[in-house]
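Scroll down for the structure; my scribbles are underneath it.
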Amino acid sequence: MIPVTKIVAQWMGSMQKLLMRAKDQRVDLNGEVLASMKVVKFQAWEEPFQSRILALREVELHQLLRYYIGLSLSRMLWTFTPLMVALATFSAYVWSGHVLDVASALTSLALFEILRFPLFMLPQIISNIVEATVALKRIQSFLLCKDHKPVEAGNLDNIGIRMEGVSAAYDSKRPKVNPQADPVALDLLDKQWEVKLLKSQLNEAEHLINRHTGKAVYGSKNEGDEEAGHSLLCLKRIEFECKPGELVAVIGSVGCGKSSFINALLGEVRALTGSTSVCGKMAYFSQVPFIMNASVRDNILFSHTDEEVDEAMYQRCLRCCALKHDLDLLPNGDRTEIGEKGITLSGGQKARVALARVVYHRADLSLIDDALAAVDAHVAKQLFEEAIVNELLSCGAAGMESRSVIMVTNALQYLSHPRVDRIIVLQDGHIVESGTYNELKNGDSVFAGFLAVLRDTGTDLSGHLVEGVASSDSNGVSDESGNLVCTGREADIEAELPVKLMTDESRQSGHVKPSVYLSWIKAAGGLFAPVAILLAFGFAEGISVLSNWWITYWSGHGSLSSQSRFLAIYALINGTAALFGLFRTLLVVIFGLKVSRKVRRLWRQESCTYACFSLSLSFTTAFCQPTVGNSARSHVIF
């Protein structure tokens, strides 16, 4: 059986890989739908996505059925092995001229029974090893990813940032490969990726040379390489320095590399050439605010306990980020729990909560990625002047001029502020312009073009709205202190927010109720399912008892001339026992998968459907294989 075991193990491993691949596809789509549920609901895309998920689920269930069939065949082989050992032993004993007596038969049966259990457990151990091997290889592909390289201080002695000739690319654009592929193929793919990056830099250098020499800029000799390589660079030869106490504004059109510029300072992009040095503690405001499923206070304080809280600073954060009035509308103030990713807050509220977190942590370097885009103009003005300029840059009353701020923004009306030391204009990953507001506002500069567009939209460059231009948020006005005041339905919705959104999960314990068994029977197709399962197990156990009884009968009534006949009947009984063992296992698996397919349709009809589904998994676990039965819960459930 050792060579057979090797073949079976390889076969089971291949089926496990197919099963995990099908599971990954369904789980990825499930995660995408759950993360974007608001969009799915607004666009009424429930049915198309449900059809896609159910189609992937059917593929997964098909792979699961194949896996269970292979597991059942493996178990049948090892269940049949003790019977084969007994049959071979009795055959050799009879054909060597002996007559089987009661003492020899009973002793042999006792020894074979000792042998039966380890051989019965061996296929489960083999299956566990196969599953563990597949799982470890999947984990290995994650653990062997390239380590994140933090940005070091380099030769900087004081708080600041320096980028020297930095060209960068996102490694996430690397083609996805199977980590279990041949090592030679993986090495070849890595080299091809590096070649593409080198071609990207070469094409960019050729364009720069042609631009400086006045030659016409033509496409690459290999247009395919140009299309695949040139767009890989998110930043190109960036020269930048931020000194202590500076407020630097980064502007540009959509997709020009503003967020990539911030990610380069965080070490989130791969620097192909040049060096980046950062000295000082950094705070980061992301373009999509990070909000935890916790209270407003916990989201702002983040990692600080109540004993460590500077209450005066905390109140300043609420005031400068225009959160005072919003907290008054919540039922429990800043202790009110908000949903995952801030689902119960508006976009402007999420941005102000995240900005308050940055303000409270008082870092040396603050990286602000478009914090003013999600709020009204009058609220944005308050955030810029009080939060960014007074708190992040000057640290309020402390007046610490050593703190620096890099602010990515499209709100050009605030860049004329005297505390804005420098404006950087990005275009296609390049820094095309750098200077003060007065230096860039005139002439044919790119920044002057942006200002002209801003004037055409009716926005006053002093930071206020021109009379007659509506605010971007019709549900809010500002009070005398400039705090955002919600009116109308938005205020009513916020006032109705529960104090605690998440409740503790509960579960039933004790004996399984009869209604659960009845629901399982109904989902399996009626009384035929339990009757068939009970008959299959009854026949299998009956044949096992018949095999032992036949040995006893043989030893008491057999003679030298009738040994072959008794041996043939014993072989027939053992073969039937092995087949019934396979049949009863497959029967439970098929009915269990049938029940799991009907769980979604019966969900609205039966209150105990989920328990019924769990019961089907329990049957599969008890009669098939423990590890696979437990993992089936994640395979089958929708």
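Numbering starts fresh at 1 for the residues of each chain in the structure tokens, the chains themselves are lettered A, B, ... in the order given, and ligands are numbered from 1 as they appear.
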
Identify, with DSSP run on backbone atoms, the residues in stretch 34-281 of chain A assigned to strand (DSSP E), and express the list as a ChimeraX atom specification.
/A:160-169,233-242,247-252,270-279

Write the residues you've just listed into a file as a short mmCIF file (atom, residue, chain, number, x, y, z; two decimals), in the first residue's frame, and include N, CA, C and O atoms for each of them.
```cif
data_model
loop_
_atom_site.label_atom_id
_atom_site.label_comp_id
_atom_site.auth_asym_id
_atom_site.auth_seq_id
_atom_site.Cartn_x
_atom_site.Cartn_y
_atom_site.Cartn_z
N GLY A 160 13.29 67.11 8.73
CA GLY A 160 13.12 67.52 7.34
C GLY A 160 13.05 66.31 6.42
O GLY A 160 13.11 65.16 6.85
N ILE A 161 12.93 66.60 5.12
CA ILE A 161 12.81 65.58 4.08
C ILE A 161 13.71 65.98 2.93
O ILE A 161 13.83 67.16 2.57
N ARG A 162 14.36 64.97 2.32
CA ARG A 162 15.20 65.22 1.16
C ARG A 162 15.04 64.06 0.17
O ARG A 162 15.17 62.90 0.55
N MET A 163 14.72 64.42 -1.08
CA MET A 163 14.64 63.43 -2.16
C MET A 163 15.60 63.85 -3.26
O MET A 163 15.54 64.99 -3.73
N GLU A 164 16.48 62.95 -3.64
CA GLU A 164 17.53 63.25 -4.61
C GLU A 164 17.43 62.29 -5.79
O GLU A 164 17.76 61.11 -5.68
N GLY A 165 16.94 62.81 -6.91
CA GLY A 165 16.86 62.02 -8.14
C GLY A 165 16.05 60.76 -8.01
O GLY A 165 16.44 59.70 -8.54
N VAL A 166 14.90 60.83 -7.36
CA VAL A 166 14.11 59.63 -7.08
C VAL A 166 13.20 59.32 -8.26
O VAL A 166 12.38 60.15 -8.68
N SER A 167 13.36 58.13 -8.80
CA SER A 167 12.41 57.54 -9.76
C SER A 167 11.85 56.29 -9.10
O SER A 167 12.60 55.47 -8.56
N ALA A 168 10.53 56.15 -9.12
CA ALA A 168 9.90 55.08 -8.35
C ALA A 168 8.81 54.42 -9.17
O ALA A 168 8.28 54.99 -10.14
N ALA A 169 8.46 53.20 -8.77
CA ALA A 169 7.40 52.43 -9.42
C ALA A 169 6.71 51.58 -8.37
O ALA A 169 7.30 51.22 -7.35
N LEU A 233 6.49 53.90 -14.28
CA LEU A 233 7.09 54.86 -13.36
C LEU A 233 6.02 55.82 -12.84
O LEU A 233 5.34 56.48 -13.62
N CYS A 234 5.87 55.86 -11.52
CA CYS A 234 4.92 56.80 -10.92
C CYS A 234 5.60 58.11 -10.55
O CYS A 234 4.93 59.15 -10.46
N LEU A 235 6.91 58.10 -10.32
CA LEU A 235 7.69 59.30 -10.04
C LEU A 235 8.95 59.26 -10.90
O LEU A 235 9.55 58.20 -11.07
N LYS A 236 9.38 60.44 -11.38
CA LYS A 236 10.50 60.48 -12.31
C LYS A 236 11.47 61.61 -11.92
O LYS A 236 11.12 62.79 -11.99
N ARG A 237 12.64 61.21 -11.44
CA ARG A 237 13.73 62.13 -11.13
C ARG A 237 13.27 63.28 -10.24
O ARG A 237 13.40 64.45 -10.58
N ILE A 238 12.73 62.96 -9.09
CA ILE A 238 12.22 63.96 -8.16
C ILE A 238 13.36 64.53 -7.33
O ILE A 238 14.12 63.79 -6.70
N GLU A 239 13.48 65.85 -7.37
CA GLU A 239 14.42 66.58 -6.53
C GLU A 239 13.60 67.46 -5.59
O GLU A 239 12.91 68.39 -6.04
N PHE A 240 13.68 67.18 -4.29
CA PHE A 240 12.81 67.89 -3.35
C PHE A 240 13.48 67.94 -1.98
O PHE A 240 14.17 67.01 -1.56
N GLU A 241 13.25 69.05 -1.29
CA GLU A 241 13.76 69.21 0.07
C GLU A 241 12.76 70.03 0.88
O GLU A 241 12.28 71.07 0.41
N CYS A 242 12.46 69.56 2.07
CA CYS A 242 11.57 70.25 2.98
C CYS A 242 12.34 70.56 4.26
O CYS A 242 12.82 69.63 4.93
N LEU A 247 5.75 74.87 5.15
CA LEU A 247 4.48 74.33 4.67
C LEU A 247 4.57 74.27 3.16
O LEU A 247 4.61 75.31 2.48
N VAL A 248 4.62 73.07 2.62
CA VAL A 248 4.78 72.85 1.19
C VAL A 248 3.47 72.30 0.64
O VAL A 248 2.94 71.30 1.14
N ALA A 249 2.95 72.94 -0.39
CA ALA A 249 1.73 72.48 -1.05
C ALA A 249 2.10 71.75 -2.33
O ALA A 249 2.93 72.23 -3.13
N VAL A 250 1.49 70.58 -2.55
CA VAL A 250 1.72 69.77 -3.74
C VAL A 250 0.43 69.75 -4.53
O VAL A 250 -0.62 69.31 -4.01
N ILE A 251 0.46 70.22 -5.77
CA ILE A 251 -0.75 70.28 -6.59
C ILE A 251 -0.48 69.61 -7.92
O ILE A 251 0.67 69.29 -8.27
N GLY A 252 -1.54 69.41 -8.68
CA GLY A 252 -1.43 68.79 -9.99
C GLY A 252 -2.76 68.20 -10.39
O GLY A 252 -3.70 68.11 -9.60
N ARG A 270 8.54 51.55 -4.63
CA ARG A 270 9.91 51.07 -4.81
C ARG A 270 10.74 52.13 -5.52
O ARG A 270 10.42 52.53 -6.65
N ALA A 271 11.77 52.61 -4.87
CA ALA A 271 12.66 53.60 -5.47
C ALA A 271 13.65 52.89 -6.38
O ALA A 271 14.44 52.04 -5.93
N LEU A 272 13.61 53.21 -7.66
CA LEU A 272 14.52 52.58 -8.63
C LEU A 272 15.86 53.29 -8.66
O LEU A 272 16.91 52.65 -8.78
N THR A 273 15.83 54.61 -8.58
CA THR A 273 17.07 55.39 -8.53
C THR A 273 16.91 56.49 -7.49
O THR A 273 15.80 56.84 -7.08
N GLY A 274 18.02 57.03 -7.07
CA GLY A 274 18.00 58.12 -6.11
C GLY A 274 17.83 57.65 -4.68
O GLY A 274 17.84 56.45 -4.39
N SER A 275 17.68 58.60 -3.78
CA SER A 275 17.56 58.29 -2.36
C SER A 275 16.55 59.22 -1.72
O SER A 275 16.39 60.38 -2.14
N THR A 276 15.90 58.71 -0.68
CA THR A 276 14.92 59.48 0.10
C THR A 276 15.34 59.45 1.56
O THR A 276 15.58 58.37 2.11
N SER A 277 15.41 60.60 2.18
CA SER A 277 15.78 60.69 3.59
C SER A 277 14.69 61.45 4.34
O SER A 277 14.24 62.51 3.88
N VAL A 278 14.28 60.90 5.47
CA VAL A 278 13.25 61.53 6.31
C VAL A 278 13.73 61.50 7.75
O VAL A 278 14.07 60.42 8.26
N CYS A 279 13.74 62.64 8.40
CA CYS A 279 14.17 62.73 9.79
C CYS A 279 13.03 63.33 10.61
O CYS A 279 12.57 64.44 10.32
#
```

With a distance cut-off of 7 Å and only C-alpha atoms, select the neighbouring residues of A:Val405, excluding the residue or stretch itself and same-chain residues fewer than 4 positions from it, and output the selection as a ChimeraX atom specification.
/A:246-248,365-367,392-393

According to DSSP computed on the backbone, where in stretch 302-378 of chain A is there alpha helix (DSSP H)? Give the residues as a ChimeraX atom specification.
/A:311-320,324-329,347-361,377-378
